[in-house]
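Engineer: Sharing my_file.json here; it has JSON, C-alpha atoms.
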```json
[["chain", "number", "residue", "atom", "x", "y", "z"],
["V", 21, "MET", "CA", 0.00, 0.00, 0.00],
["V", 22, "GLU", "CA", 1.14, 3.56, -0.63],
["V", 23, "GLY", "CA", 3.14, 5.00, 2.25],
["V", 24, "SER", "CA", 3.73, 1.63, 3.91],
["V", 25, "GLN", "CA", 7.39, 1.48, 2.88],
["V", 26, "ASN", "CA", 9.06, 3.29, 5.77],
["V", 27, "ASP", "CA", 12.69, 3.05, 6.88],
["V", 28, "ILE", "CA", 12.06, 0.03, 9.11],
["V", 29, "ASN", "CA", 10.14, -1.97, 6.47],
["V", 30, "VAL", "CA", 12.73, -1.20, 3.82],
["V", 31, "LEU", "CA", 15.55, -2.20, 6.18],
["V", 32, "HIS", "CA", 14.28, -5.80, 6.27],
["V", 33, "LYS", "CA", 14.31, -5.92, 2.45],
["V", 34, "SER", "CA", 17.58, -4.06, 1.96],
["V", 35, "PRO", "CA", 20.02, -5.69, -0.47],
["V", 36, "LEU", "CA", 22.84, -4.77, 1.94],
["V", 37, "PHE", "CA", 21.56, -7.20, 4.52],
["V", 38, "GLU", "CA", 20.37, -9.76, 1.97],
["V", 39, "TYR", "CA", 23.92, -9.90, 0.57],
["V", 40, "LEU", "CA", 25.18, -10.62, 4.09],
["V", 41, "LYS", "CA", 22.58, -13.33, 4.61],
["V", 42, "TYR", "CA", 23.41, -15.01, 1.29],
["V", 43, "GLU", "CA", 27.14, -14.61, 2.09],
["V", 44, "ILE", "CA", 27.92, -12.70, -1.12],
["V", 45, "SER", "CA", 28.89, -9.38, 0.46],
["V", 46, "PRO", "CA", 32.54, -8.29, 0.63],
["V", 47, "HIS", "CA", 34.44, -9.94, 3.46],
["V", 48, "VAL", "CA", 35.45, -7.58, 6.26],
["V", 49, "ASN", "CA", 37.72, -8.35, 9.19],
["V", 50, "PHE", "CA", 38.72, -5.90, 11.90],
["V", 51, "ALA", "CA", 39.39, -5.85, 15.63],
["V", 52, "ILE", "CA", 38.53, -3.23, 18.21],
["V", 53, "ASN", "CA", 39.45, -3.54, 21.90],
["V", 54, "GLY", "CA", 40.45, -7.15, 21.39],
["V", 55, "ASN", "CA", 37.11, -8.15, 19.86],
["V", 56, "HIS", "CA", 37.17, -9.48, 16.30],
["V", 57, "TYR", "CA", 34.41, -8.53, 13.83],
["V", 58, "THR", "CA", 33.72, -10.17, 10.47],
["V", 59, "HIS", "CA", 31.07, -7.86, 9.01],
["V", 60, "GLY", "CA", 30.96, -4.21, 8.11],
["V", 61, "TYR", "CA", 28.75, -1.71, 9.88],
["V", 62, "TYR", "CA", 26.71, 1.40, 9.08],
["V", 63, "LEU", "CA", 26.17, 4.55, 11.12],
["V", 64, "ALA", "CA", 22.47, 4.94, 11.82],
["V", 65, "ASP", "CA", 20.16, 7.15, 13.79],
["V", 66, "GLY", "CA", 17.94, 6.02, 16.64],
["V", 67, "ILE", "CA", 14.90, 4.94, 14.63],
["V", 68, "TYR", "CA", 16.56, 1.81, 13.30],
["V", 69, "LEU", "CA", 16.63, -1.56, 14.96],
["V", 70, "LYS", "CA", 19.51, -2.56, 17.20],
["V", 71, "TRP", "CA", 21.33, -4.84, 14.77],
["V", 72, "SER", "CA", 24.97, -5.90, 14.96],
["V", 73, "THR", "CA", 25.67, -4.15, 11.64],
["V", 74, "LEU", "CA", 24.34, -0.75, 12.77],
["V", 75, "VAL", "CA", 26.05, 1.70, 15.14],
["V", 76, "GLN", "CA", 23.78, 4.27, 16.75],
["V", 77, "CYS", "CA", 24.34, 7.16, 19.12],
["V", 78, "TYR", "CA", 23.62, 6.75, 22.81],
["V", 79, "ARG", "CA", 20.25, 8.29, 23.65],
["V", 80, "GLN", "CA", 20.97, 8.84, 27.32],
["V", 81, "PRO", "CA", 24.61, 8.28, 28.19],
["V", 82, "PRO", "CA", 25.14, 7.07, 31.75],
["V", 83, "ALA", "CA", 25.97, 9.77, 34.28],
["V", 84, "SER", "CA", 29.41, 8.71, 35.38],
["V", 85, "GLU", "CA", 33.05, 9.53, 35.08],
["V", 86, "MET", "CA", 33.02, 8.16, 31.53],
["V", 87, "SER", "CA", 30.02, 10.23, 30.35],
["V", 88, "ARG", "CA", 32.35, 12.42, 28.28],
["V", 89, "SER", "CA", 33.35, 9.38, 26.21],
["V", 90, "TYR", "CA", 29.70, 8.69, 25.34],
["V", 91, "SER", "CA", 29.11, 12.33, 24.36],
["V", 92, "TYR", "CA", 32.31, 12.26, 22.31],
["V", 93, "LEU", "CA", 31.15, 9.22, 20.31],
["V", 94, "ASN", "CA", 27.74, 10.84, 19.78],
["V", 95, "SER", "CA", 29.27, 14.09, 18.49],
["V", 96, "LYS", "CA", 31.68, 12.32, 16.12],
["V", 97, "GLN", "CA", 28.96, 10.09, 14.72],
["V", 98, "MET", "CA", 26.58, 13.04, 14.23],
["V", 99, "ASN", "CA", 29.32, 14.96, 12.41],
["V", 100, "LEU", "CA", 29.94, 12.05, 10.02],
["V", 101, "ARG", "CA", 26.23, 11.59, 9.35],
["V", 102, "LYS", "CA", 25.83, 15.32, 8.66],
["V", 103, "ASP", "CA", 28.71, 15.15, 6.15],
["V", 104, "VAL", "CA", 26.96, 12.36, 4.26],
["V", 105, "GLU", "CA", 23.62, 14.19, 4.34],
["V", 106, "ARG", "CA", 25.28, 17.37, 3.02],
["V", 107, "ALA", "CA", 26.96, 15.44, 0.22],
["V", 108, "PHE", "CA", 23.65, 13.97, -0.90],
["V", 109, "GLY", "CA", 22.03, 17.39, -0.55],
["V", 110, "ILE", "CA", 24.56, 18.80, -3.00],
["V", 111, "LEU", "CA", 23.91, 15.95, -5.44],
["V", 112, "LYS", "CA", 20.14, 16.46, -5.18],
["V", 113, "ARG", "CA", 20.51, 20.17, -5.95],
["V", 114, "LYS", "CA", 22.77, 19.52, -8.94],
["V", 115, "PHE", "CA", 21.06, 16.50, -10.43],
["V", 116, "ALA", "CA", 17.26, 16.56, -10.47],
["V", 117, "ILE", "CA", 17.02, 12.87, -11.44],
["V", 118, "ILE", "CA", 17.89, 11.90, -7.85],
["V", 119, "CYS", "CA", 14.82, 13.69, -6.47],
["V", 120, "GLY", "CA", 12.03, 12.05, -8.42],
["V", 121, "PRO", "CA", 12.40, 9.90, -11.53],
["V", 122, "TYR", "CA", 15.24, 8.03, -9.81],
["V", 123, "ARG", "CA", 12.76, 6.12, -7.64],
["V", 124, "GLY", "CA", 11.25, 4.35, -10.66],
["V", 125, "LEU", "CA", 14.52, 2.73, -11.69],
["V", 126, "SER", "CA", 15.67, -0.79, -10.89],
["V", 127, "ALA", "CA", 18.28, -1.25, -8.16],
["V", 128, "ARG", "CA", 21.02, -1.70, -10.79],
["V", 129, "GLU", "CA", 19.94, 1.44, -12.68],
["V", 130, "MET", "CA", 19.76, 3.39, -9.39],
["V", 131, "HIS", "CA", 23.29, 2.32, -8.55],
["V", 132, "LYS", "CA", 24.64, 3.34, -11.95],
["V", 133, "THR", "CA", 22.72, 6.65, -11.89],
["V", 134, "MET", "CA", 24.06, 7.56, -8.44],
["V", 135, "LEU", "CA", 27.62, 6.66, -9.44],
["V", 136, "THR", "CA", 27.25, 8.75, -12.61],
["V", 137, "CYS", "CA", 26.06, 11.76, -10.60],
["V", 138, "ILE", "CA", 28.95, 11.38, -8.13],
["V", 139, "ILE", "CA", 31.49, 11.07, -10.95],
["V", 140, "MET", "CA", 30.06, 14.12, -12.73],
["V", 141, "HIS", "CA", 30.13, 16.09, -9.48],
["V", 142, "ASN", "CA", 33.76, 15.13, -8.93],
["V", 143, "MET", "CA", 34.58, 16.13, -12.52],
["V", 144, "VAL", "CA", 33.09, 19.58, -11.89],
["V", 145, "ILE", "CA", 35.09, 19.92, -8.68],
["V", 146, "GLN", "CA", 38.32, 18.86, -10.42],
["V", 147, "GLU", "CA", 37.68, 21.20, -13.36],
["V", 148, "THR", "CA", 37.12, 24.20, -11.10],
["V", 149, "ARG", "CA", 40.17, 23.58, -8.92],
["V", 150, "ARG", "CA", 43.04, 26.01, -9.13],
["V", 151, "ASP", "CA", 45.60, 23.22, -9.20],
["V", 152, "LYS", "CA", 45.20, 21.55, -12.58],
["V", 153, "ASN", "CA", 47.98, 19.00, -11.90],
["V", 154, "TRP", "CA", 45.86, 16.10, -10.84],
["V", 155, "THR", "CA", 46.02, 12.50, -11.95],
["V", 156, "ASN", "CA", 43.10, 11.25, -13.99],
["V", 157, "TYR", "CA", 42.42, 7.61, -13.15],
["V", 158, "GLN", "CA", 40.24, 5.53, -15.40],
["V", 159, "ASP", "CA", 36.80, 5.10, -13.88],
["V", 160, "GLU", "CA", 36.22, 1.41, -14.19],
["V", 161, "ASP", "CA", 33.92, -0.78, -12.16],
["V", 162, "LEU", "CA", 36.09, -3.77, -11.29],
["V", 163, "ARG", "CA", 33.57, -5.40, -8.97],
["V", 164, "PRO", "CA", 31.97, -8.60, -10.20],
["V", 165, "GLU", "CA", 28.29, -8.47, -11.03],
["V", 166, "ILE", "CA", 26.39, -9.94, -8.08],
["V", 167, "ILE", "CA", 23.18, -11.75, -8.92],
["V", 168, "LEU", "CA", 21.21, -13.14, -6.03],
["V", 169, "ALA", "CA", 19.95, -16.66, -6.49],
["V", 170, "ARG", "CA", 16.53, -16.05, -4.95],
["V", 171, "GLY", "CA", 14.70, -19.12, -3.79],
["V", 172, "LEU", "CA", 17.88, -21.15, -3.38],
["V", 173, "PRO", "CA", 18.71, -22.01, 0.23],
["V", 174, "ALA", "CA", 21.88, -20.41, 1.54],
["V", 175, "ARG", "CA", 24.06, -22.57, 3.75],
["V", 176, "ASN", "CA", 23.91, -20.29, 6.76],
["V", 177, "TYR", "CA", 20.98, -17.99, 5.96],
["V", 178, "ALA", "CA", 19.24, -18.47, 9.33],
["V", 179, "LEU", "CA", 22.55, -18.21, 11.20],
["V", 180, "MET", "CA", 23.46, -14.99, 9.38],
["V", 181, "THR", "CA", 20.01, -13.53, 10.07],
["V", 182, "SER", "CA", 20.36, -14.20, 13.79],
["V", 183, "HIS", "CA", 23.90, -12.77, 13.70],
["V", 184, "ILE", "CA", 22.72, -9.53, 12.07],
["V", 185, "GLU", "CA", 19.82, -9.15, 14.51],
["V", 186, "ASN", "CA", 21.93, -10.01, 17.59],
["V", 187, "ILE", "CA", 21.50, -7.24, 20.18],
["V", 188, "THR", "CA", 24.46, -8.49, 22.25],
["V", 189, "LEU", "CA", 26.80, -8.00, 19.29],
["V", 190, "TYR", "CA", 25.19, -4.60, 18.65],
["V", 191, "ASN", "CA", 25.95, -3.49, 22.23],
["V", 192, "ARG", "CA", 29.49, -4.89, 22.12],
["V", 193, "LEU", "CA", 30.35, -3.16, 18.82],
["V", 194, "ARG", "CA", 29.01, 0.18, 20.02],
["V", 195, "GLU", "CA", 30.85, -0.08, 23.34],
["V", 196, "ASP", "CA", 34.06, -1.06, 21.56],
["V", 197, "PHE", "CA", 33.75, 1.98, 19.29],
["V", 198, "ARG", "CA", 33.15, 4.27, 22.23],
["V", 199, "ALA", "CA", 36.07, 2.96, 24.26],
["V", 200, "ASN", "CA", 38.45, 2.92, 21.28],
["V", 201, "LEU", "CA", 37.51, 6.40, 20.07],
["V", 202, "TRP", "CA", 37.91, 7.85, 23.57],
["V", 203, "ALA", "CA", 41.26, 6.09, 24.12],
["V", 204, "GLU", "CA", 42.65, 7.27, 20.77],
["V", 205, "PHE", "CA", 41.28, 10.80, 20.46],
["V", 206, "GLY", "CA", 39.06, 11.87, 23.33],
["V", 207, "ARG", "CA", 41.33, 12.24, 26.31],
["V", 208, "ASP", "CA", 42.97, 15.41, 24.97],
["V", 209, "GLY", "CA", 39.64, 17.19, 24.67],
["V", 210, "GLY", "CA", 38.79, 15.84, 21.23],
["V", 211, "ARG", "CA", 41.64, 17.42, 19.32],
["V", 212, "ILE", "CA", 42.74, 15.12, 16.55],
["V", 213, "GLU", "CA", 46.14, 15.97, 15.16]]
```
Is it possible to express this structure as structure tokens?
Structural biologist:
Amino acid sequence: MEGSQNDINVLHKSPLFEYLKYEISPHVNFAINGNHYTHGYYLADGIYLKWSTLVQCYRQPPASEMSRSYSYLNSKQMNLRKDVERAFGILKRKFAIICGPYRGLSAREMHKTMLTCIIMHNMVIQETRRDKNWTNYQDEDLRPEIILARGLPARNYALMTSHIENITLYNRLREDFRANLWAEFGRDGGRIE
């Protein structure tokens, strides 16, 4: 029905998470605070579900000696999210296709259209720069075409679904980010050199 596709409904159908469940997403390995992670993550605001692949701000940081570390993580995450929103705002102002007709395209066409707009934006930026001595790299999509085999059982589909929706992993990842960010950058008042 019209209007029923909100952020939460779309999240369950997102190709990002389907690729993880079918084990065809890029492999990611990293460690924070001694904990090893095997999947990427996305910065999200508070309306999304608490999944192990989403990192959200703390709504009400605990009132303790470490409360500055929680506020520091919140401010850094909000700054990064604002940067992304501004970038898409610029693209929407420059390229009208993103605002309306874009929604009628297939996922593959949307991907190519967005990449085209980003490339054209970068070309404009490079052309208007004062320093004309920049290297022009060939824009070539080297990623293999991923085609989901819908209807075919994935080996660990149920296991991957429970891993993505694991609230314990969500809490651990967020706490690891907070502790690591504070240890690396926060103690000196947030000045990153």
Engineer: Between atom CA of Tyr177 of chain V and atom CA of Leu189 of chain V, what distance in Å does the model show, to one decimal?
Structural biologist: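 Pair atom CA of Tyr177 of chain V / atom CA of Leu189 of chain V returns 17.6 Å.
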Engineer: Please provide the set of residues having any atom within 10 Å of Met134 of chain V, restricted to all atoms listed in the file, with same-chain residues fewer than 3 positions apart removed, written as a list in words.
Structural biologist: Phe108, Leu111, Phe115, Ile117, Ile118, Tyr122, Glu129, Met130, His131, Cys137, Ile138, Ile139 and Met140 of chain V
Engineer: Just the selected residues (C-alpha atoms), exported as a PDB file, keeping the file's coordinate frame, please.
Structural biologist:
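out.pdb written:
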```
ATOM      1  CA  PHE V 108      23.650  13.970  -0.900  1.00  0.00           C
ATOM      2  CA  LEU V 111      23.910  15.950  -5.440  1.00  0.00           C
ATOM      3  CA  PHE V 115      21.060  16.500 -10.430  1.00  0.00           C
ATOM      4  CA  ILE V 117      17.020  12.870 -11.440  1.00  0.00           C
ATOM      5  CA  ILE V 118      17.890  11.900  -7.850  1.00  0.00           C
ATOM      6  CA  TYR V 122      15.240   8.030  -9.810  1.00  0.00           C
ATOM      7  CA  GLU V 129      19.940   1.440 -12.680  1.00  0.00           C
ATOM      8  CA  MET V 130      19.760   3.390  -9.390  1.00  0.00           C
ATOM      9  CA  HIS V 131      23.290   2.320  -8.550  1.00  0.00           C
ATOM     10  CA  CYS V 137      26.060  11.760 -10.600  1.00  0.00           C
ATOM     11  CA  ILE V 138      28.950  11.380  -8.130  1.00  0.00           C
ATOM     12  CA  ILE V 139      31.490  11.070 -10.950  1.00  0.00           C
ATOM     13  CA  MET V 140      30.060  14.120 -12.730  1.00  0.00           C
TER      14      MET V 140
END
```
Engineer: Which polymer residues have any atom within 12 Å of an atom of segment 29-33 of chain V, counting all atoms listed in the file, with same-chain residues fewer than 5 positions away left out, as a list in words?
Structural biologist: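 In the requested format, the answer is Gly23, Ser24, Glu38, Tyr39, Leu40, Lys41, Ala64, Ile67, Tyr68, Leu69, Lys70, Trp71, Thr73, Leu74, Thr181, Ile184 and Glu185 of chain V.
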Engineer: Tell me, as number ranges by chain, which residues lie within 9 Å of Tyr57 of chain V, counting all atoms listed in the file; anything in the same chain fewer than 6 positions away does not count.
Structural biologist: V: 48-51, 193
Engineer: Write a file of the selected residues as a PDB file, keeping the file's coordinate frame, keeping C-alpha atoms.
Structural biologist:
```
ATOM      1  CA  VAL V  48      35.450  -7.580   6.260  1.00  0.00           C
ATOM      2  CA  ASN V  49      37.720  -8.350   9.190  1.00  0.00           C
ATOM      3  CA  PHE V  50      38.720  -5.900  11.900  1.00  0.00           C
ATOM      4  CA  ALA V  51      39.390  -5.850  15.630  1.00  0.00           C
ATOM      5  CA  LEU V 193      30.350  -3.160  18.820  1.00  0.00           C
TER       6      LEU V 193
END
```
Engineer: Can you work out the spacing between atom CA of Val144 of chain V and atom CA of Leu125 of chain V in Å, to one decimal?
Structural biologist: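 Separating atom CA of Val144 of chain V from atom CA of Leu125 of chain V is a distance of 25.1 Å.
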Engineer: Nearest residue to Leu201 of chain V out of V:Leu93, V:Ile145, V:Met98, V:Ala107, using only C-alpha atoms?
Structural biologist: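 Nearest candidate to Leu201 of chain V out of V:Leu93, V:Ile145, V:Met98, V:Ala107: V:Leu93.
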Engineer: So how many Å separate atom CA of Asn99 of chain V and atom CA of Trp202 of chain V, to one decimal?
Structural biologist: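 So the two atoms, atom CA of Asn99 of chain V and atom CA of Trp202 of chain V, lie 15.8 Å apart.
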Engineer: Using only C-alpha atoms, can you tell me which of V:Asn186, V:Ser91, V:Thr136, V:Ser84 comes closest to Gly206 of chain V?
Structural biologist: V:Ser91
Engineer: Within 12 Å of (37.1, 2.0, 23.6), in the coordinates the file gives, what residues turn up when you count only C-alpha atoms, written out as a compact mmCIF listing (two decimals) with C-alpha atoms, in the frame of the given file?
Structural biologist:
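Writing done, so here's out18.txt:
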```
# COMPACT_ATOMS: atom_id res chain seq x y z
CA ALA V 51 39.39 -5.85 15.63
CA ILE V 52 38.53 -3.23 18.21
CA ASN V 53 39.45 -3.54 21.90
CA GLY V 54 40.45 -7.15 21.39
CA ASN V 55 37.11 -8.15 19.86
CA MET V 86 33.02 8.16 31.53
CA SER V 89 33.35 9.38 26.21
CA TYR V 90 29.70 8.69 25.34
CA TYR V 92 32.31 12.26 22.31
CA LEU V 93 31.15 9.22 20.31
CA ARG V 192 29.49 -4.89 22.12
CA LEU V 193 30.35 -3.16 18.82
CA ARG V 194 29.01 0.18 20.02
CA GLU V 195 30.85 -0.08 23.34
CA ASP V 196 34.06 -1.06 21.56
CA PHE V 197 33.75 1.98 19.29
CA ARG V 198 33.15 4.27 22.23
CA ALA V 199 36.07 2.96 24.26
CA ASN V 200 38.45 2.92 21.28
CA LEU V 201 37.51 6.40 20.07
CA TRP V 202 37.91 7.85 23.57
CA ALA V 203 41.26 6.09 24.12
CA GLU V 204 42.65 7.27 20.77
CA PHE V 205 41.28 10.80 20.46
CA GLY V 206 39.06 11.87 23.33
CA ARG V 207 41.33 12.24 26.31
```
